[in-house]
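Dropping coords-v1.txt in here (compact mmCIF, N, CA and C atoms):
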# COMPACT_ATOMS: atom_id res chain seq x y z
N MET A 1 -15.05 -56.79 53.20
CA MET A 1 -15.28 -57.70 52.09
C MET A 1 -15.37 -56.91 50.78
N VAL A 2 -15.90 -55.69 50.85
CA VAL A 2 -16.02 -54.88 49.65
C VAL A 2 -14.64 -54.58 49.06
N GLU A 3 -13.63 -54.43 49.94
CA GLU A 3 -12.28 -54.11 49.47
C GLU A 3 -11.64 -55.29 48.73
N LEU A 4 -12.18 -56.48 48.93
CA LEU A 4 -11.69 -57.65 48.21
C LEU A 4 -12.56 -57.97 47.00
N THR A 5 -13.87 -58.04 47.19
CA THR A 5 -14.74 -58.52 46.12
C THR A 5 -14.86 -57.56 44.94
N HIS A 6 -14.92 -56.26 45.20
CA HIS A 6 -15.06 -55.33 44.08
C HIS A 6 -13.81 -55.30 43.19
N PRO A 7 -12.60 -55.21 43.76
CA PRO A 7 -11.42 -55.32 42.89
C PRO A 7 -11.33 -56.69 42.22
N LEU A 8 -11.65 -57.75 42.95
CA LEU A 8 -11.61 -59.09 42.38
C LEU A 8 -12.53 -59.19 41.17
N ASP A 9 -13.69 -58.59 41.26
CA ASP A 9 -14.64 -58.57 40.15
C ASP A 9 -14.02 -57.90 38.92
N VAL A 10 -13.35 -56.78 39.13
CA VAL A 10 -12.70 -56.06 38.03
C VAL A 10 -11.57 -56.89 37.43
N PHE A 11 -10.74 -57.49 38.30
CA PHE A 11 -9.64 -58.31 37.81
C PHE A 11 -10.16 -59.48 36.98
N GLU A 12 -11.16 -60.17 37.49
CA GLU A 12 -11.68 -61.34 36.78
C GLU A 12 -12.32 -60.95 35.45
N LYS A 13 -13.05 -59.84 35.41
CA LYS A 13 -13.66 -59.39 34.15
C LYS A 13 -12.60 -59.01 33.12
N ALA A 14 -11.43 -58.58 33.61
CA ALA A 14 -10.33 -58.22 32.72
C ALA A 14 -9.48 -59.44 32.34
N GLY A 15 -9.83 -60.60 32.86
CA GLY A 15 -9.09 -61.81 32.55
C GLY A 15 -7.78 -61.95 33.30
N ILE A 16 -7.65 -61.24 34.40
CA ILE A 16 -6.42 -61.29 35.19
C ILE A 16 -6.54 -62.41 36.23
N PRO A 17 -5.66 -63.41 36.16
CA PRO A 17 -5.73 -64.48 37.16
C PRO A 17 -5.36 -63.96 38.54
N VAL A 18 -6.03 -64.47 39.55
CA VAL A 18 -5.85 -63.98 40.92
C VAL A 18 -5.61 -65.16 41.85
N GLU A 19 -4.67 -64.99 42.76
CA GLU A 19 -4.46 -65.92 43.86
C GLU A 19 -4.56 -65.11 45.14
N ILE A 20 -5.15 -65.69 46.17
CA ILE A 20 -5.35 -64.97 47.42
C ILE A 20 -4.41 -65.52 48.47
N ALA A 21 -3.69 -64.62 49.14
CA ALA A 21 -2.80 -64.98 50.24
C ALA A 21 -3.14 -64.09 51.44
N SER A 22 -2.75 -64.53 52.61
CA SER A 22 -2.94 -63.73 53.81
C SER A 22 -1.74 -63.93 54.73
N ILE A 23 -1.64 -63.10 55.73
CA ILE A 23 -0.48 -63.12 56.62
C ILE A 23 -0.28 -64.51 57.23
N ARG A 24 -1.33 -65.09 57.77
CA ARG A 24 -1.22 -66.38 58.46
C ARG A 24 -1.68 -67.56 57.62
N GLY A 25 -2.25 -67.31 56.46
CA GLY A 25 -2.83 -68.38 55.66
C GLY A 25 -4.18 -68.77 56.23
N GLY A 26 -4.86 -69.64 55.52
CA GLY A 26 -6.19 -70.04 55.97
C GLY A 26 -7.20 -68.93 55.76
N HIS A 27 -8.26 -68.94 56.55
CA HIS A 27 -9.33 -67.95 56.40
C HIS A 27 -8.92 -66.64 57.07
N PRO A 28 -8.76 -65.57 56.30
CA PRO A 28 -8.37 -64.29 56.89
C PRO A 28 -9.56 -63.67 57.64
N PRO A 29 -9.27 -62.78 58.58
CA PRO A 29 -10.36 -62.07 59.25
C PRO A 29 -11.15 -61.25 58.23
N ILE A 30 -12.44 -61.17 58.43
CA ILE A 30 -13.30 -60.42 57.52
C ILE A 30 -14.02 -59.34 58.31
N ASP A 31 -13.89 -58.10 57.82
CA ASP A 31 -14.66 -57.01 58.41
C ASP A 31 -16.11 -57.16 58.00
N PHE A 32 -16.95 -56.36 58.58
CA PHE A 32 -18.38 -56.35 58.26
C PHE A 32 -18.59 -56.31 56.75
N PHE A 33 -19.60 -57.02 56.29
CA PHE A 33 -19.96 -56.92 54.88
C PHE A 33 -21.47 -56.97 54.74
N ASP A 34 -21.95 -56.43 53.64
CA ASP A 34 -23.36 -56.22 53.40
C ASP A 34 -23.80 -57.04 52.19
N LEU A 35 -24.63 -58.06 52.42
CA LEU A 35 -25.07 -58.91 51.32
C LEU A 35 -26.09 -58.24 50.41
N SER A 36 -26.50 -57.01 50.73
CA SER A 36 -27.36 -56.29 49.79
C SER A 36 -26.52 -55.71 48.64
N ASP A 37 -25.20 -55.71 48.79
CA ASP A 37 -24.29 -55.32 47.72
C ASP A 37 -24.24 -56.49 46.75
N PRO A 38 -24.65 -56.30 45.49
CA PRO A 38 -24.74 -57.44 44.56
C PRO A 38 -23.41 -58.14 44.29
N VAL A 39 -22.31 -57.41 44.29
CA VAL A 39 -21.01 -58.03 44.04
C VAL A 39 -20.61 -58.91 45.22
N ILE A 40 -20.74 -58.37 46.42
CA ILE A 40 -20.43 -59.16 47.61
C ILE A 40 -21.32 -60.38 47.69
N ASP A 41 -22.61 -60.18 47.45
CA ASP A 41 -23.57 -61.29 47.52
C ASP A 41 -23.21 -62.40 46.53
N ARG A 42 -22.85 -62.02 45.31
CA ARG A 42 -22.49 -63.01 44.30
C ARG A 42 -21.27 -63.81 44.72
N TYR A 43 -20.23 -63.14 45.21
CA TYR A 43 -19.03 -63.86 45.64
C TYR A 43 -19.31 -64.72 46.88
N TRP A 44 -20.07 -64.18 47.81
CA TRP A 44 -20.35 -64.93 49.04
C TRP A 44 -21.12 -66.22 48.75
N LYS A 45 -21.94 -66.21 47.72
CA LYS A 45 -22.70 -67.40 47.34
C LYS A 45 -21.91 -68.35 46.44
N ASP A 46 -20.73 -67.93 46.02
CA ASP A 46 -19.88 -68.73 45.13
C ASP A 46 -19.00 -69.66 45.98
N ARG A 47 -19.27 -70.95 45.89
CA ARG A 47 -18.56 -71.94 46.71
C ARG A 47 -17.06 -71.93 46.43
N SER A 48 -16.65 -71.76 45.19
CA SER A 48 -15.22 -71.77 44.88
C SER A 48 -14.51 -70.57 45.51
N PHE A 49 -15.18 -69.42 45.54
CA PHE A 49 -14.61 -68.24 46.20
C PHE A 49 -14.48 -68.50 47.70
N ARG A 50 -15.53 -69.02 48.30
CA ARG A 50 -15.50 -69.30 49.75
C ARG A 50 -14.42 -70.32 50.08
N ASP A 51 -14.25 -71.33 49.24
CA ASP A 51 -13.20 -72.32 49.47
C ASP A 51 -11.81 -71.69 49.35
N ALA A 52 -11.63 -70.84 48.33
CA ALA A 52 -10.35 -70.14 48.16
C ALA A 52 -10.06 -69.24 49.35
N LEU A 53 -11.07 -68.57 49.85
CA LEU A 53 -10.91 -67.69 50.99
C LEU A 53 -10.56 -68.48 52.25
N ALA A 54 -11.14 -69.66 52.40
CA ALA A 54 -10.90 -70.49 53.58
C ALA A 54 -9.51 -71.12 53.58
N SER A 55 -8.86 -71.14 52.42
CA SER A 55 -7.56 -71.82 52.34
C SER A 55 -6.51 -70.93 51.67
N THR A 56 -6.43 -69.68 52.09
CA THR A 56 -5.46 -68.77 51.48
C THR A 56 -4.04 -69.25 51.76
N GLN A 57 -3.16 -68.91 50.84
CA GLN A 57 -1.74 -69.20 51.01
C GLN A 57 -1.17 -68.32 52.12
N ILE A 58 -0.13 -68.78 52.77
CA ILE A 58 0.61 -67.95 53.72
C ILE A 58 1.48 -67.01 52.89
N LEU A 59 1.35 -65.72 53.12
CA LEU A 59 2.09 -64.75 52.30
C LEU A 59 3.59 -65.00 52.35
N GLY A 60 4.12 -65.41 53.48
CA GLY A 60 5.55 -65.68 53.60
C GLY A 60 6.02 -66.83 52.74
N ASP A 61 5.11 -67.70 52.30
CA ASP A 61 5.46 -68.83 51.44
C ASP A 61 5.32 -68.52 49.96
N VAL A 62 4.82 -67.34 49.64
CA VAL A 62 4.59 -66.96 48.25
C VAL A 62 5.90 -66.55 47.60
N ASP A 63 6.11 -67.00 46.36
CA ASP A 63 7.28 -66.60 45.58
C ASP A 63 6.89 -65.39 44.73
N PRO A 64 7.31 -64.18 45.15
CA PRO A 64 6.86 -62.98 44.42
C PRO A 64 7.35 -62.90 42.98
N SER A 65 8.37 -63.67 42.63
CA SER A 65 8.86 -63.62 41.24
C SER A 65 7.85 -64.20 40.26
N ARG A 66 6.83 -64.89 40.77
CA ARG A 66 5.78 -65.46 39.92
C ARG A 66 4.70 -64.43 39.56
N TYR A 67 4.78 -63.23 40.12
CA TYR A 67 3.70 -62.26 39.97
C TYR A 67 4.19 -60.95 39.37
N SER A 68 3.33 -60.31 38.62
CA SER A 68 3.65 -59.00 38.05
C SER A 68 2.95 -57.88 38.82
N ALA A 69 2.10 -58.25 39.77
CA ALA A 69 1.38 -57.25 40.55
C ALA A 69 0.97 -57.85 41.89
N VAL A 70 0.76 -56.97 42.84
CA VAL A 70 0.20 -57.36 44.14
C VAL A 70 -0.82 -56.30 44.53
N PHE A 71 -1.92 -56.77 45.09
CA PHE A 71 -2.99 -55.89 45.54
C PHE A 71 -3.27 -56.21 47.00
N PHE A 72 -3.26 -55.19 47.86
CA PHE A 72 -3.56 -55.36 49.27
C PHE A 72 -4.94 -54.80 49.56
N ALA A 73 -5.85 -55.70 49.93
CA ALA A 73 -7.20 -55.28 50.31
C ALA A 73 -7.13 -54.61 51.68
N GLY A 74 -8.08 -53.75 51.94
CA GLY A 74 -8.09 -53.02 53.20
C GLY A 74 -8.73 -53.79 54.32
N GLY A 75 -9.28 -53.05 55.24
CA GLY A 75 -9.82 -53.59 56.47
C GLY A 75 -8.97 -53.08 57.62
N HIS A 76 -9.57 -52.94 58.78
CA HIS A 76 -8.86 -52.35 59.91
C HIS A 76 -7.61 -53.12 60.33
N GLY A 77 -7.65 -54.45 60.24
CA GLY A 77 -6.52 -55.27 60.66
C GLY A 77 -5.26 -55.04 59.88
N THR A 78 -5.38 -54.52 58.68
CA THR A 78 -4.19 -54.33 57.85
C THR A 78 -3.21 -53.34 58.48
N MET A 79 -3.71 -52.43 59.28
CA MET A 79 -2.83 -51.45 59.92
C MET A 79 -1.88 -52.13 60.89
N TRP A 80 -2.29 -53.26 61.45
CA TRP A 80 -1.43 -53.99 62.37
C TRP A 80 -0.76 -55.17 61.66
N ASP A 81 -1.51 -55.88 60.83
CA ASP A 81 -0.96 -57.07 60.18
C ASP A 81 0.13 -56.76 59.18
N PHE A 82 0.02 -55.65 58.46
CA PHE A 82 0.98 -55.33 57.41
C PHE A 82 2.20 -54.56 57.93
N ALA A 83 2.01 -53.79 58.99
CA ALA A 83 3.02 -52.83 59.42
C ALA A 83 4.41 -53.44 59.65
N ASP A 84 4.48 -54.54 60.36
CA ASP A 84 5.78 -55.12 60.70
C ASP A 84 6.02 -56.45 60.01
N SER A 85 5.25 -56.76 59.00
CA SER A 85 5.37 -58.06 58.34
C SER A 85 6.53 -58.09 57.36
N GLU A 86 7.50 -58.95 57.64
CA GLU A 86 8.62 -59.12 56.72
C GLU A 86 8.15 -59.69 55.39
N ALA A 87 7.11 -60.53 55.44
CA ALA A 87 6.58 -61.11 54.20
C ALA A 87 5.98 -60.02 53.31
N VAL A 88 5.23 -59.10 53.90
CA VAL A 88 4.65 -57.99 53.13
C VAL A 88 5.77 -57.16 52.51
N GLN A 89 6.78 -56.84 53.31
CA GLN A 89 7.89 -56.04 52.82
C GLN A 89 8.61 -56.74 51.67
N ARG A 90 8.86 -58.04 51.81
CA ARG A 90 9.57 -58.81 50.79
C ARG A 90 8.78 -58.85 49.48
N VAL A 91 7.48 -59.09 49.57
CA VAL A 91 6.64 -59.18 48.37
C VAL A 91 6.58 -57.83 47.67
N ILE A 92 6.36 -56.78 48.44
CA ILE A 92 6.29 -55.43 47.85
C ILE A 92 7.59 -55.08 47.15
N ARG A 93 8.70 -55.25 47.86
CA ARG A 93 9.99 -54.87 47.27
C ARG A 93 10.31 -55.69 46.02
N SER A 94 10.06 -56.98 46.10
CA SER A 94 10.37 -57.86 44.97
C SER A 94 9.56 -57.49 43.74
N ILE A 95 8.28 -57.31 43.90
CA ILE A 95 7.42 -56.98 42.76
C ILE A 95 7.73 -55.59 42.23
N TRP A 96 7.89 -54.62 43.13
CA TRP A 96 8.18 -53.25 42.70
C TRP A 96 9.51 -53.18 41.97
N GLU A 97 10.54 -53.77 42.54
CA GLU A 97 11.87 -53.68 41.94
C GLU A 97 11.97 -54.44 40.62
N ALA A 98 11.03 -55.36 40.38
CA ALA A 98 10.99 -56.08 39.10
C ALA A 98 10.13 -55.31 38.07
N GLY A 99 9.67 -54.11 38.44
CA GLY A 99 8.87 -53.30 37.53
C GLY A 99 7.39 -53.61 37.59
N GLY A 100 6.96 -54.32 38.62
CA GLY A 100 5.56 -54.69 38.76
C GLY A 100 4.72 -53.62 39.42
N ILE A 101 3.48 -53.96 39.62
CA ILE A 101 2.50 -53.04 40.19
C ILE A 101 2.25 -53.40 41.65
N VAL A 102 2.33 -52.40 42.52
CA VAL A 102 1.98 -52.54 43.93
C VAL A 102 0.76 -51.65 44.16
N SER A 103 -0.34 -52.26 44.62
CA SER A 103 -1.57 -51.49 44.78
C SER A 103 -2.28 -51.87 46.07
N ALA A 104 -3.13 -50.95 46.51
CA ALA A 104 -3.87 -51.17 47.75
C ALA A 104 -5.12 -50.32 47.74
N VAL A 105 -6.04 -50.66 48.62
CA VAL A 105 -7.28 -49.91 48.76
C VAL A 105 -7.62 -49.80 50.24
N CYS A 106 -8.34 -48.74 50.58
CA CYS A 106 -8.83 -48.52 51.94
C CYS A 106 -7.65 -48.53 52.92
N HIS A 107 -7.75 -49.26 54.02
CA HIS A 107 -6.69 -49.29 55.01
C HIS A 107 -5.41 -49.93 54.48
N GLY A 108 -5.51 -50.63 53.36
CA GLY A 108 -4.32 -51.19 52.74
C GLY A 108 -3.31 -50.10 52.38
N LEU A 109 -3.80 -48.88 52.17
CA LEU A 109 -2.91 -47.76 51.85
C LEU A 109 -2.01 -47.39 53.02
N TYR A 110 -2.28 -47.96 54.19
CA TYR A 110 -1.39 -47.74 55.33
C TYR A 110 0.04 -48.13 54.98
N LEU A 111 0.19 -49.02 54.04
CA LEU A 111 1.52 -49.44 53.61
C LEU A 111 2.37 -48.25 53.18
N THR A 112 1.74 -47.23 52.61
CA THR A 112 2.49 -46.06 52.14
C THR A 112 2.99 -45.21 53.29
N ALA A 113 2.34 -45.28 54.44
CA ALA A 113 2.73 -44.47 55.59
C ALA A 113 3.65 -45.21 56.55
N SER A 114 3.78 -46.51 56.38
CA SER A 114 4.53 -47.30 57.35
C SER A 114 6.04 -47.20 57.17
N GLY A 115 6.49 -46.61 56.07
CA GLY A 115 7.92 -46.44 55.86
C GLY A 115 8.66 -47.72 55.53
N MET A 116 7.96 -48.74 55.04
CA MET A 116 8.60 -50.03 54.81
C MET A 116 9.26 -50.16 53.44
N PHE A 117 9.16 -49.15 52.61
CA PHE A 117 9.66 -49.30 51.25
C PHE A 117 11.13 -48.95 51.14
N SER A 118 11.88 -49.81 50.47
CA SER A 118 13.31 -49.59 50.29
C SER A 118 13.57 -48.64 49.12
N HIS A 119 12.66 -48.55 48.21
CA HIS A 119 12.86 -47.78 46.99
C HIS A 119 12.19 -46.42 47.15
N ALA A 120 12.99 -45.35 47.17
CA ALA A 120 12.47 -44.01 47.43
C ALA A 120 11.39 -43.59 46.44
N ASN A 121 11.50 -44.01 45.19
CA ASN A 121 10.52 -43.61 44.19
C ASN A 121 9.15 -44.24 44.42
N LEU A 122 9.08 -45.31 45.20
CA LEU A 122 7.80 -45.96 45.44
C LEU A 122 6.84 -45.01 46.14
N GLN A 123 7.33 -44.27 47.12
CA GLN A 123 6.47 -43.33 47.83
C GLN A 123 5.87 -42.32 46.86
N ARG A 124 6.65 -41.86 45.90
CA ARG A 124 6.15 -40.87 44.95
C ARG A 124 5.21 -41.49 43.92
N ALA A 125 5.34 -42.78 43.68
CA ALA A 125 4.55 -43.43 42.64
C ALA A 125 3.15 -43.81 43.10
N ILE A 126 2.96 -43.95 44.39
CA ILE A 126 1.66 -44.39 44.90
C ILE A 126 0.72 -43.20 44.97
N ARG A 127 -0.48 -43.37 44.41
CA ARG A 127 -1.49 -42.33 44.46
C ARG A 127 -2.75 -42.89 45.10
N ALA A 128 -3.30 -42.17 46.03
CA ALA A 128 -4.56 -42.59 46.64
C ALA A 128 -5.68 -41.76 46.01
N THR A 129 -6.72 -42.42 45.59
CA THR A 129 -7.84 -41.71 44.98
C THR A 129 -9.13 -42.07 45.72
N ARG A 130 -10.10 -41.23 45.63
CA ARG A 130 -11.40 -41.48 46.22
C ARG A 130 -12.38 -41.81 45.11
N ALA A 131 -13.24 -42.78 45.40
CA ALA A 131 -14.25 -43.17 44.42
C ALA A 131 -15.37 -42.14 44.40
Represent the structure contained in this file as structure tokens.
Amino acid sequence: MVELTHPLDVFEKAGIPVEIASIRGGHPPIDFFDLSDPVIDRYWKDRSFRDALASTQILGDVDPSRYSAVFFAGGHGTMWDFADSEAVQRVIRSIWEAGGIVSAVCHGLYLTASGMFSHANLQRAIRATRA
């Protein structure tokens, strides 16, 4: 949950509109989270956030041309859910090739190791940093 709520907090404070999608749509699996974290606690108590999380769009139905960036939250499942997903590949390629931003955190960075990118420069452009 930290991999979603903390970036979401930054995006919202910067005035960046956010839509949440997942591989299957609906409520995505959630790894352990700690309500003593004030950001997580605030989002978890926010009914509109919980409703949005419960009804995520199916990533395969998303039109990537509507977006200038994509962010992949981590969690252990991403190593399996993202690896062979044609929807993930299509969204990444479309946004990247249109000059957009492709970003990830935690296990979401597995995307860089999975070899799914068609554009050779993408591998060189992705940087992983530690907080």
- prompt: Please, what distance in Å, to one decimal, runs between atom C of Leu59 (chain A) and CA of Ala87 (chain A)?
  reply: 5.2 Å
task: Would you work out the distance separating atom C of Phe32 (chain A) from atom C of Ala54 (chain A), expressed in Å to one decimal?
output: 17.7 Å
- prompt: Per DSSP on the backbone, what are the strand (DSSP E or B) residues of region 6-82 of chain A, as a ChimeraX atom specification?
  reply: /A:21-22,26,56-58,69-72
message: Counting all atoms listed in the file, which residue out of A:Val88, A:Ala83, A:Ala14, A:Ala73 sits closest to Cys106 (chain A)?
response: A:Ala73
message: So that I can see what lies close to Ile101 (chain A), please list as a PyMOL selection string the residues with an atom at most 8 Å from it, counting all atoms listed in the file and leaving out residues fewer than 5 positions away in the same chain.
response: chain A and resi 67-71+92+95-96
- request: For CA of Phe82 (chain A) and CA of Asp51 (chain A), quote the distance in Å rounded to one decimal.
  value: 23.5 Å
task: Report the residues of region 3-129 of chain A whose backbone DSSP state falls under alpha helix (DSSP H), written as a PyMOL selection string.
output: chain A and resi 3-13+38-44+47-54+78-81+86-97+110-113+120-125
- request: Find the residues around Phe33 (chain A) up to 6.5 Å (all atoms listed in the file counted), leave out those fewer than 3 positions away in its own chain, and share them as JSON, numbers by chain.
  value: {"A": [1, 2, 30, 36]}
Within 10 Å of region 40-43 of chain A using only C-alpha atoms, minus same-chain residues under 3 positions, as a PyMOL selection string: chain A and resi 1-6+8-9+33-37+46-50
query: So which one's closest to Pro64 (chain A), A:Ser94, A:Thr78, A:Gln89, A:Ser22? Using all atoms listed in the file, please.
result: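 Comparing A:Ser94, A:Thr78, A:Gln89, A:Ser22 against Pro64 (chain A), the winner is A:Ser94.
Compared by their closest atoms to Gln57 (chain A), and using only C-alpha atoms, the residues A:Glu97, A:Glu12, A:Asp31, A:Glu19 rank with A:Glu19 nearest.
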Could you work out an axis-aligned box for region 86-96 of chain A, taking every atom the file lists and adding 5 Å on each side, and report centre and edge lengths in Å to one decimal, as AutoDock Vina command-line options?
--center_x 7.5 --center_y -57.1 --center_z 49.8 --size_x 15.7 --size_y 17.9 --size_z 25.7
